[in-house]
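Data block for entry.txt (compact mmCIF, C-alpha atoms):
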```txt
# COMPACT_ATOMS: atom_id res chain seq x y z
CA GLY G 1 -3.63 8.82 -3.02
CA ALA G 2 -2.58 12.43 -3.23
CA VAL G 3 0.72 13.05 -4.98
CA VAL G 4 3.09 15.94 -4.42
CA SER G 5 6.05 16.51 -6.69
CA GLN G 6 9.13 18.66 -6.33
CA HIS G 7 11.42 19.97 -8.98
CA PRO G 8 14.31 19.72 -9.21
CA SER G 9 15.12 16.65 -7.15
CA TRP G 10 18.65 17.91 -6.69
CA VAL G 11 20.56 21.05 -7.59
CA ILE G 12 24.13 22.25 -7.27
CA CYS G 13 24.82 25.96 -7.46
CA LYS G 14 27.58 28.45 -6.85
CA SER G 15 27.63 30.62 -3.77
CA GLY G 16 25.79 33.88 -4.33
CA THR G 17 23.33 32.58 -6.88
CA SER G 18 19.61 32.04 -6.40
CA VAL G 19 17.80 28.73 -6.68
CA LYS G 20 14.09 28.12 -7.19
CA ILE G 21 12.39 24.94 -6.03
CA GLU G 22 8.88 24.05 -7.16
CA CYS G 23 6.29 22.10 -5.23
CA ARG G 24 3.19 20.86 -7.02
CA SER G 25 0.11 18.99 -5.90
CA LEU G 26 -0.63 16.78 -8.88
CA ASP G 27 -4.12 15.48 -8.29
CA PHE G 28 -5.66 17.76 -5.72
CA GLN G 29 -5.93 21.41 -4.79
CA ALA G 30 -3.93 22.57 -1.84
CA THR G 31 -4.81 25.84 -0.21
CA THR G 32 -1.89 25.45 2.16
CA MET G 33 1.63 24.23 1.50
CA PHE G 34 4.47 23.88 3.97
CA TRP G 35 8.21 24.08 3.49
CA TYR G 36 10.57 22.07 5.66
CA ARG G 37 14.31 21.79 5.86
CA GLN G 38 16.18 18.66 6.85
CA PHE G 39 19.88 18.60 7.67
CA PRO G 40 21.75 15.29 7.33
CA LYS G 41 20.68 12.76 9.92
CA GLN G 42 18.38 15.28 11.53
CA SER G 43 14.68 15.80 11.64
CA LEU G 44 12.47 18.05 9.58
CA MET G 45 12.18 21.65 10.69
CA LEU G 46 9.23 23.72 9.53
CA MET G 47 10.41 26.83 7.72
CA ALA G 48 7.18 28.45 6.60
CA THR G 49 3.52 27.98 5.89
CA SER G 50 2.26 29.15 2.53
CA ASN G 51 -1.37 29.95 1.85
CA GLU G 52 -2.57 30.41 -1.70
CA GLY G 53 -2.93 34.05 -2.60
CA SER G 54 -1.43 35.46 0.58
CA LYS G 55 1.97 36.01 2.17
CA ALA G 56 3.75 33.11 3.75
CA THR G 57 4.10 32.79 7.50
CA TYR G 58 7.67 32.13 8.53
CA GLU G 59 8.87 30.28 11.60
CA GLN G 60 11.04 32.08 14.08
CA GLY G 61 14.62 32.32 12.90
CA VAL G 62 13.86 31.84 9.20
CA GLU G 63 14.84 34.83 7.07
CA LYS G 64 11.92 35.69 4.84
CA ASP G 65 14.08 37.83 2.55
CA LYS G 66 16.41 34.92 1.97
CA PHE G 67 13.80 32.22 1.52
CA LEU G 68 11.16 33.68 -0.77
CA ILE G 69 7.94 31.73 -0.97
CA ASN G 70 5.27 32.20 -3.58
CA HIS G 71 1.98 30.33 -3.67
CA ALA G 72 0.32 31.70 -6.74
CA SER G 73 -2.07 28.86 -7.47
CA LEU G 74 -3.83 26.03 -5.69
CA THR G 75 -1.37 23.52 -7.07
CA LEU G 76 1.97 25.29 -7.04
CA SER G 77 4.24 26.82 -4.43
CA THR G 78 7.82 27.90 -5.02
CA LEU G 79 10.72 28.40 -2.65
CA THR G 80 13.56 30.61 -3.85
CA VAL G 81 16.79 30.55 -1.93
CA THR G 82 18.36 33.91 -2.67
CA SER G 83 22.10 34.53 -2.61
CA ALA G 84 22.71 30.97 -1.53
CA HIS G 85 25.68 30.12 0.66
CA PRO G 86 27.20 26.77 1.63
CA GLU G 87 25.33 26.81 4.95
CA ASP G 88 22.07 26.75 2.97
CA SER G 89 22.95 23.31 1.65
CA SER G 90 20.22 21.04 2.87
CA PHE G 91 17.31 18.83 1.92
CA TYR G 92 14.18 20.89 1.34
CA ILE G 93 10.83 19.17 1.57
CA CYS G 94 7.41 20.57 0.84
CA SER G 95 4.03 19.28 1.83
CA ALA G 96 0.55 20.16 0.70
CA ARG G 97 -2.57 20.00 2.78
CA THR G 98 -5.92 19.06 1.40
CA THR G 99 -8.95 20.94 2.44
CA TYR G 100 -10.96 18.00 1.31
CA PHE G 101 -9.84 14.71 -0.16
CA GLY G 102 -12.32 12.42 1.38
CA LEU G 103 -13.07 12.53 5.07
CA ARG G 104 -10.28 10.12 5.87
CA ASN G 105 -7.63 12.49 4.54
CA TYR G 106 -9.16 15.73 5.70
CA ASN G 107 -6.43 18.19 6.64
CA GLU G 108 -3.71 15.60 6.08
CA GLN G 109 -0.35 16.81 4.81
CA PHE G 110 1.10 15.00 1.79
CA PHE G 111 4.83 15.28 1.37
CA GLY G 112 6.95 15.74 -1.70
CA PRO G 113 10.10 13.68 -2.33
CA GLY G 114 12.40 16.55 -1.43
CA THR G 115 15.06 18.62 -3.17
CA ARG G 116 18.69 18.31 -2.23
CA LEU G 117 20.48 21.63 -2.54
CA THR G 118 24.27 21.80 -2.55
CA VAL G 119 25.89 25.23 -2.58
CA LEU G 120 29.55 25.27 -3.54
CA ALA T 1 4.37 23.97 23.23
CA GLN T 2 4.34 20.44 21.99
CA SER T 3 7.27 18.19 21.20
CA VAL T 4 8.17 14.56 20.65
CA THR T 5 11.15 12.51 21.73
CA GLN T 6 12.11 9.41 19.83
CA LEU T 7 14.05 7.38 22.30
CA ASP T 8 16.21 5.44 19.85
CA SER T 9 18.13 6.94 16.97
CA HIS T 10 18.76 3.49 15.50
CA VAL T 11 16.98 0.17 15.87
CA SER T 12 18.20 -3.04 14.30
CA VAL T 13 16.06 -6.18 14.07
CA SER T 14 16.17 -9.45 12.21
CA GLU T 15 13.65 -10.17 9.51
CA GLY T 16 10.58 -11.82 10.95
CA THR T 17 11.07 -10.48 14.47
CA PRO T 18 8.95 -7.78 16.14
CA VAL T 19 9.62 -4.08 15.71
CA LEU T 20 9.28 -1.48 18.47
CA LEU T 21 10.02 2.18 17.80
CA ARG T 22 9.50 4.36 20.84
CA CYS T 23 8.04 7.85 20.96
CA ASN T 24 7.12 10.05 23.91
CA TYR T 25 5.28 13.31 23.48
CA SER T 26 4.79 16.49 25.39
CA SER T 27 1.75 18.64 24.80
CA SER T 28 -0.31 21.12 26.73
CA TYR T 29 -3.32 20.20 24.67
CA SER T 30 -4.94 17.02 23.51
CA PRO T 31 -2.54 16.14 20.73
CA SER T 32 -2.83 14.52 17.37
CA LEU T 33 0.03 12.10 16.76
CA PHE T 34 1.42 10.61 13.59
CA TRP T 35 4.04 8.18 12.42
CA TYR T 36 5.68 8.80 9.05
CA VAL T 37 8.19 6.67 7.18
CA GLN T 38 10.87 8.05 4.86
CA HIS T 39 12.62 5.77 2.42
CA PRO T 40 15.82 7.04 0.78
CA ASN T 41 15.17 9.67 -1.87
CA LYS T 42 11.44 9.41 -1.38
CA GLY T 43 8.83 11.57 0.27
CA LEU T 44 7.43 10.96 3.71
CA GLN T 45 4.57 8.48 3.82
CA LEU T 46 1.94 8.47 6.53
CA LEU T 47 1.83 5.17 8.40
CA LEU T 48 -0.91 6.00 10.87
CA LYS T 49 -2.42 8.79 12.93
CA TYR T 50 -4.15 9.24 16.26
CA THR T 51 -6.75 11.99 16.53
CA SER T 52 -8.53 11.32 19.82
CA ALA T 53 -10.54 8.38 18.63
CA ALA T 54 -9.50 4.78 19.38
CA THR T 55 -6.25 4.61 21.33
CA LEU T 56 -4.97 1.62 19.35
CA VAL T 57 -4.39 2.78 15.82
CA LYS T 58 -3.79 0.44 12.94
CA GLY T 59 -1.85 1.70 9.96
CA ILE T 60 -0.51 0.49 6.68
CA ASN T 61 1.93 -2.37 6.12
CA GLY T 62 1.01 -4.08 9.39
CA PHE T 63 2.12 -1.26 11.68
CA GLU T 64 0.14 -0.12 14.66
CA ALA T 65 0.59 2.27 17.56
CA GLU T 66 -1.05 2.72 20.91
CA PHE T 67 -1.73 6.11 22.46
CA LYS T 68 -1.11 5.95 26.21
CA LYS T 69 -1.96 9.22 27.87
CA SER T 70 -0.73 8.13 31.30
CA GLU T 71 2.69 7.37 29.85
CA THR T 72 2.61 10.16 27.21
CA SER T 73 3.72 7.58 24.71
CA PHE T 74 2.84 6.60 21.16
CA HIS T 75 5.10 3.67 20.35
CA LEU T 76 5.06 2.09 16.90
CA THR T 77 5.02 -1.68 16.61
CA LYS T 78 4.91 -4.39 13.99
CA PRO T 79 4.74 -8.12 14.78
CA SER T 80 7.12 -9.24 12.07
CA ALA T 81 9.71 -7.10 10.30
CA HIS T 82 10.21 -7.27 6.57
CA MET T 83 13.29 -6.22 4.66
CA SER T 84 11.27 -3.48 2.97
CA ASP T 85 10.60 -1.88 6.37
CA ALA T 86 14.16 -0.60 6.54
CA ALA T 87 13.80 3.19 6.52
CA GLU T 88 13.72 6.29 8.70
CA TYR T 89 10.67 6.70 10.92
CA PHE T 90 9.41 9.95 12.35
CA CYS T 91 6.98 10.51 15.20
CA VAL T 92 5.07 13.77 14.82
CA VAL T 93 2.80 15.76 17.12
CA THR T 94 0.42 18.55 16.33
CA ARG T 95 -2.03 20.30 18.58
CA THR T 96 -4.38 21.78 16.07
CA LEU T 97 -6.98 20.11 13.93
CA ARG T 98 -5.65 22.02 10.95
CA ASN T 99 -2.30 20.24 11.34
CA ASN T 100 -0.35 23.38 10.57
CA ASP T 101 2.13 23.09 13.38
CA MET T 102 3.59 19.62 13.03
CA ARG T 103 6.61 18.99 15.21
CA PHE T 104 8.84 16.15 14.12
CA GLY T 105 10.89 13.88 16.32
CA ALA T 106 14.55 13.35 15.51
CA GLY T 107 13.80 10.12 13.69
CA THR T 108 14.65 6.46 14.19
CA ARG T 109 16.55 4.55 11.57
CA LEU T 110 15.30 0.98 11.31
CA THR T 111 17.66 -1.62 9.96
CA VAL T 112 16.37 -5.09 9.10
CA LYS T 113 18.88 -7.90 8.93
CA PRO T 114 18.25 -10.98 6.80
```

Could you show the structure in this file as structure tokens?
Amino acid sequence: GAVVSQHPSWVICKSGTSVKIECRSLDFQATTMFWYRQFPKQSLMLMATSNEGSKATYEQGVEKDKFLINHASLTLSTLTVTSAHPEDSSFYICSARTTYFGLRNYNEQFFGPGTRLTVL
Amino acid sequence: AQSVTQLDSHVSVSEGTPVLLRCNYSSSYSPSLFWYVQHPNKGLQLLLKYTSAATLVKGINGFEAEFKKSETSFHLTKPSAHMSDAAEYFCVVTRTLRNNDMRFGAGTRLTVKP
């Protein structure tokens, strides 16, 4: 099946610094990647949709200047949390959607393992 | 707008007994519905999906779900729980074929007792 990786799996940083999280589709090309955020014991909330070669579309209430998303290739999207603060501490999960990976998986989202961010 | 409600935040069953995880949806359109499972420190894995074909959907690991439009439900079941089924389960709804607006339920934590 399709595999999506995230790096790093966890990161601890000081308040005010920036953190970059990578999301890669390992064995397929993904024209669209999604970034989610999950607070402890809560559900996933969609932050933004990232299309290769174009600007990301952010959900209402998500600051695009704080959460910078770049989708420069068909296998890589990055999320940069700028000037991180303790309230940004969360579990960030990406997913990648296939345009074609066999009819059975058409348009299915494949999820990465997540990155746990802790801001001190 | 579409949304899902998972009726139980925590379900505990004994190994070998049936599993029922409840999900109700709200959608102005004909929805697509999914169940995902999340094991600790692992990515979400798709268990099954309903996309307006057969209302009884069979998934992986012996799970299945039935789409009931009259009850706006999509409950997940398994005849016999296994210890490895212990995880967090999410019911998800989307209204577009491109699946770019997935709305997750709050999740149900399944505990399996020996």

Restrict the distance test to only C-alpha atoms, flag each residue of chain G within 6 Å of chain T, and return the flagged residues as a VMD selection string. chain G and resid 42 to 43 107 111 to 113

If you count only C-alpha atoms, which residues fall within 12 Å of G:Val11, apart from same-chain ones fewer than 2 positions away, as a CSV table (one decimal) with C-alpha atoms, keeping the file's coordinate frame?
```
chain,number,residue,atom,x,y,z
G,6,GLN,CA,9.1,18.7,-6.3
G,7,HIS,CA,11.4,20.0,-9.0
G,8,PRO,CA,14.3,19.7,-9.2
G,9,SER,CA,15.1,16.6,-7.2
G,13,CYS,CA,24.8,26.0,-7.5
G,14,LYS,CA,27.6,28.4,-6.8
G,17,THR,CA,23.3,32.6,-6.9
G,18,SER,CA,19.6,32.0,-6.4
G,19,VAL,CA,17.8,28.7,-6.7
G,20,LYS,CA,14.1,28.1,-7.2
G,21,ILE,CA,12.4,24.9,-6.0
G,81,VAL,CA,16.8,30.6,-1.9
G,84,ALA,CA,22.7,31.0,-1.5
G,89,SER,CA,23.0,23.3,1.6
G,90,SER,CA,20.2,21.0,2.9
G,91,PHE,CA,17.3,18.8,1.9
G,92,TYR,CA,14.2,20.9,1.3
G,114,GLY,CA,12.4,16.6,-1.4
G,115,THR,CA,15.1,18.6,-3.2
G,116,ARG,CA,18.7,18.3,-2.2
G,117,LEU,CA,20.5,21.6,-2.5
G,118,THR,CA,24.3,21.8,-2.6
G,119,VAL,CA,25.9,25.2,-2.6
G,120,LEU,CA,29.6,25.3,-3.5
```

Determine, counting all atoms listed in the file, which protein, DNA and RNA residues have an atom within 12 Å of an atom of stretch 71-79 of chain T; residues of the same chain fewer than 4 positions away are not included. Present the result as a PyMOL selection string. chain T and resi 2-8+13-37+47-51+55-67+85+89-93+105+108+110

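Atom pair atom CA of G:Asn70 / atom CA of G:Cys23 has a distance of 10.3 Å (rounded to one decimal).
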
Point-to-point distance in Å for atom CA of T:Lys113 and atom CA of G:Leu44: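 Atom CA of T:Lys113 lies 26.7 Å from atom CA of G:Leu44.
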
Considering only C-alpha atoms, state which residue in the set G:Phe110, G:Gly16, G:Ser54, G:Val3 is at the smallest distance from G:Ser73.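 Looking at the shortest contact to G:Ser73, the residue is G:Ser54.
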